[in-house]
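Only one structure is covered here, and it is reproduced in the block below.
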Amino acid sequence: MLNAARAVLFRRLSAGPYYGWTILGVAALIMFGTGPGQSHLIGLFFDPIQADLGLDRTDIALAYGGATLAAAFLLPRMGRLVDRNGPARMLWLIVFGFGLSAIGFGFAASWLYLAIGFGFLRFLGQGSLMLNCANLTSQWFDKRRGFALGLMALGFPISIALHPPLAQWLIATVGWREAWLWLGLMTWAMLLPPILLLLYNRPEDVGLRPDGAAALKFGESAPALVGHDRATALRMPAFYLIVAGLFAMSMLMTCLHVEFTGILKSHGLDPQTAASMFTVTGVSAACLMPLVGRCLDALPPKWMFFGGLCIQAASLLSATMVEGVSSAVVFALIFGLNNAVTMTYVGFFWPRYFGRKHLGSIQGTGQMIMIIGASIGPLPLGWALDRFANYDGMLQVLALLPLTVAVAVAILMPAPKLPEA
């Protein structure tokens, strides 16, 4: 019955625009659905967990950071599973496990179970779902891949806007434990039906081609997928330049997210105004993501990567120049552009430089290193605040990291070159 429903829906939806846009819509919805595994939602539960379990804040932070780090090392394995089984099949399994993890998290009764719960939420939500969404979108789009990834990533800022107030309302209404029950059930209800009914691994699986190019004729074989394998990719300088750049972006974007309001309050803004700047960042990121994607499709990837790293440095430096509301808005807008760049670049450069054939295993390895960067991102600013009671000096030092990688990219990054079919 499920296969019959899938066939009917495919016939009706593919009769209109390219079916890849349906795939893209589901991928964007899944990106929104990663919210229960993301820092902007989980962080809201720290206070009630601390009060309920009687743990120190440091204990909770250690459980969270350690779980994020452990989850990162599992992503290469997930990438190999994606190559073997395809993202469509993996996504329903991951979403089922993600919802189950959310429900189970509400039963955490000690530090150990808390750490295990964080690990499942981060691995399945932040890591595996994002990896599979980027893989799926990259399979269905080629020449318009940047634009498609920019639209897909819109699910993330929408989650930033909607998930925190929902979680806060659930905590106030039913308590933090039952809140996770409802988050798990809502995840299943929202994501499982479209995944089971609408997703296909690749356009070639249903007689189509990427970007909506001429469909396969009857009896025509799909062209062979091309791409470097992971062993070859690990011997290519481009892999390490991409990893270094995305590591810097992930680490520094995370550190700014975590200390966002603290930085603004240290420059004289009141807490409410500082928090409102998050809205400016989220709206600007959502507006700029499709534009960033268009630029990725139209401009040389080397110089887009260089420019993205410079934007990262600019966001760090602009944070040190806040002197009032107007300069805080400027920082928030630049940081919004930085968010748009980072979330779009995460999925773009792997297929452009290494092809689609072994995309999962290569991207899984790269994303593992990115999440390691995210796990250590808050540490430098936290240390600077404890040591010097000020963020600005460390922000200026951290800006040297993306600038250094940008120079290396400008000098060393080759043009993409894929193997012949």
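Please note that chains go A, B, ... in the order of the structure tokens, that every chain numbers its residues from 1, and that ligands are numbered from 1 in the order shown.
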
Find the residues around Pro378 of chain A up to 7 Å (only C-alpha atoms counted), leave out those fewer than 3 positions away in its own chain, and share them as a PyMOL selection string.
chain A and resi 254-255+258+381-382

Would you pick out the contacts of segment 191-199 of chain A at 8 Å or less, using only C-alpha atoms, so that residues sharing its chain but fewer than 6 positions from it are not included, and give the list as a PyMOL selection string?
chain A and resi 2+5-6+9-10+22-23+26+29-30+33+88+91-92+95-96

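Straight-line separation from atom CA of Ile411 of chain A to atom CA of Leu241 of chain A: 10.7 Å.
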
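For the choices A:Trp350, A:Trp169, A:Phe45, A:Phe156, the atom-to-atom distance to Leu114 of chain A is smallest for A:Phe45 when using only C-alpha atoms.
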
Closest atom pairs, segment 320-388 of chain A residues within 9 Å of segment 290-310 of chain A, only C-alpha atoms, as a Markdown table:
| residue | atom | partner | partner_atom | distance |
| --- | --- | --- | --- | --- |
| A:Leu337 | CA | A:Val292 | CA | 8.7 |
| A:Asn338 | CA | A:Gly308 | CA | 7.3 |
| A:Ala340 | CA | A:Val292 | CA | 7.0 |
| A:Val341 | CA | A:Gly308 | CA | 6.1 |
| A:Thr342 | CA | A:Gly308 | CA | 7.7 |
| A:Thr344 | CA | A:Gly293 | CA | 6.7 |
| A:Tyr345 | CA | A:Phe305 | CA | 8.1 |
| A:Phe348 | CA | A:Leu296 | CA | 8.1 |
| A:Phe349 | CA | A:Pro301 | CA | 7.8 |
| A:Arg352 | CA | A:Pro301 | CA | 8.5 |

Find the residues near Leu359 of chain A: any atom within 8 Å, counting only C-alpha atoms, skip ones fewer than 2 places away on the same chain, and give them as number ranges by chain.
A: 79, 83, 135, 227, 350-351, 354-357, 361-363

One residue among A:Leu74, A:Ala67, A:Ala332, A:Val322 is nearest to Leu256 of chain A when using only C-alpha atoms, and that residue is A:Ala332

Find the residues near Gly262 of chain A: any atom within 10 Å, counting only C-alpha atoms, skip ones fewer than 6 places away on the same chain, and give them as number ranges by chain.
A: 256, 269, 271, 274-275, 385, 390-391

Can you work out the spacing between atom CA of Leu129 of chain A and atom CA of Met90 of chain A in Å, to one decimal?
9.1 Å

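Here atom CA of Gly37 of chain A stands at a distance of 12.0 Å from atom CA of Pro164 of chain A.
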
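The closest residue to Leu44 of chain A, picked from A:Ala4, A:Ala172, A:Leu62, A:Met251 and counting only C-alpha atoms, is A:Ala172.
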
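Candidate residues A:Leu53, A:Leu264, A:Ile60, A:Leu162 were compared for distance to Gly324 of chain A, and the nearest is A:Leu264, using only C-alpha atoms.
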
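Among the candidates A:Pro165, A:Gly377, A:Gly97, A:Pro17, the residue lying nearest to Leu124 of chain A is A:Gly97 (atoms considered: only C-alpha atoms).
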
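When only C-alpha atoms are used to measure the gap to Thr58 of chain A, the shortest distance among A:Leu75, A:Val243, A:Phe46, A:Arg122 belongs to A:Phe46.
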
I want to know what sits within 10 Å of Ala248 of chain A, based on only C-alpha atoms, with residues of the same chain fewer than 5 positions away left out; could you give that as a PyMOL selection string?
chain A and resi 242-243+253-254+309+312-313+342+370+373-374+377+398-399+401-403+405

Using DSSP secondary structure from the backbone, list all alpha helix (DSSP H) positions within segment 2-93 of chain A, as an NGL selection string.
:A and (2-14 or 20-33 or 39-42 or 46-53 or 57-72 or 75-85 or 87-93)

Would you output that residue set with C-alpha atoms, as a CSV table (one decimal), in the first residue's frame?
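Listing of result-v5.csv after writing:
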chain,number,residue,atom,x,y,z
A,2,LEU,CA,2.8,2.4,0.8
A,3,ASN,CA,4.5,1.8,-2.6
A,4,ALA,CA,1.2,2.3,-4.4
A,5,ALA,CA,0.7,5.6,-2.5
A,6,ARG,CA,4.2,6.7,-3.4
A,7,ALA,CA,3.7,5.9,-7.0
A,8,VAL,CA,0.5,7.9,-7.2
A,9,LEU,CA,2.0,10.9,-5.5
A,10,PHE,CA,5.1,10.8,-7.7
A,11,ARG,CA,3.0,10.7,-10.9
A,12,ARG,CA,0.9,13.6,-9.8
A,13,LEU,CA,3.7,15.8,-8.5
A,14,SER,CA,6.1,15.0,-11.3
A,20,GLY,CA,13.5,17.9,-7.2
A,21,TRP,CA,11.6,20.9,-5.9
A,22,THR,CA,9.4,18.5,-3.9
A,23,ILE,CA,12.5,16.8,-2.6
A,24,LEU,CA,13.9,20.2,-1.7
A,25,GLY,CA,10.8,21.1,0.2
A,26,VAL,CA,10.9,18.0,2.3
A,27,ALA,CA,14.7,18.5,3.0
A,28,ALA,CA,13.9,22.1,4.2
A,29,LEU,CA,11.2,20.7,6.5
A,30,ILE,CA,13.6,18.1,7.9
A,31,MET,CA,16.2,20.9,8.5
A,32,PHE,CA,13.5,22.7,10.5
A,33,GLY,CA,12.8,19.4,12.3
A,39,SER,CA,21.8,24.2,20.7
A,40,HIS,CA,19.2,26.9,20.4
A,41,LEU,CA,16.5,24.5,21.8
A,42,ILE,CA,18.5,22.2,24.1
A,46,PHE,CA,19.6,23.5,31.1
A,47,ASP,CA,18.0,25.5,34.0
A,48,PRO,CA,15.1,23.1,34.7
A,49,ILE,CA,17.4,20.1,34.4
A,50,GLN,CA,19.9,21.6,36.8
A,51,ALA,CA,17.1,22.3,39.3
A,52,ASP,CA,15.5,18.8,38.9
A,53,LEU,CA,18.7,16.7,39.0
A,57,ARG,CA,26.0,23.9,35.4
A,58,THR,CA,29.5,22.7,34.6
A,59,ASP,CA,28.4,19.1,34.9
A,60,ILE,CA,25.6,19.7,32.4
A,61,ALA,CA,27.9,21.6,30.0
A,62,LEU,CA,30.5,18.8,30.2
A,63,ALA,CA,27.8,16.2,29.4
A,64,TYR,CA,26.6,18.3,26.5
A,65,GLY,CA,30.1,19.0,25.1
A,66,GLY,CA,31.3,15.5,25.5
A,67,ALA,CA,28.2,14.1,23.9
A,68,THR,CA,28.6,16.5,20.9
A,69,LEU,CA,32.2,15.4,20.5
A,70,ALA,CA,31.4,11.7,20.7
A,71,ALA,CA,28.6,12.1,18.2
A,72,ALA,CA,31.0,13.7,15.7
A,75,LEU,CA,29.4,10.6,11.4
A,76,PRO,CA,31.9,8.9,9.0
A,77,ARG,CA,30.1,5.7,9.7
A,78,MET,CA,26.8,7.4,8.9
A,79,GLY,CA,28.3,8.7,5.7
A,80,ARG,CA,29.2,5.2,4.6
A,81,LEU,CA,25.7,4.0,5.4
A,82,VAL,CA,24.3,6.8,3.3
A,83,ASP,CA,26.5,5.8,0.3
A,84,ARG,CA,25.3,2.2,0.7
A,85,ASN,CA,21.6,2.7,1.3
A,87,PRO,CA,19.6,9.2,2.1
A,88,ALA,CA,15.9,8.5,1.6
A,89,ARG,CA,16.1,5.1,3.3
A,90,MET,CA,18.3,6.4,6.1
A,91,LEU,CA,16.2,9.4,6.8
A,92,TRP,CA,13.1,7.6,8.0
A,93,LEU,CA,15.3,5.4,10.3

With a distance cut-off of 6 Å and only C-alpha atoms, select the neighbouring residues of segment 183-190 of chain A, excluding the residue or stretch itself and same-chain residues fewer than 5 positions from it, and output the selection as a VMD selection string.
chain A and resid 99 102 to 103

Could you write out the selected residues, including N, CA and C atoms, as a tab-separated table (two decimals), in the first residue's frame?
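Ended up saving to part_13.tsv:
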chain	number	residue	atom	x	y	z
A	99	GLY	N	13.06	10.79	17.17
A	99	GLY	CA	11.86	10.98	17.98
A	99	GLY	C	11.88	10.12	19.23
A	102	ALA	N	14.20	11.72	21.74
A	102	ALA	CA	13.57	12.86	22.41
A	102	ALA	C	12.62	12.40	23.51
A	103	ILE	N	11.82	11.40	23.21
A	103	ILE	CA	10.89	10.88	24.23
A	103	ILE	C	11.68	10.29	25.40
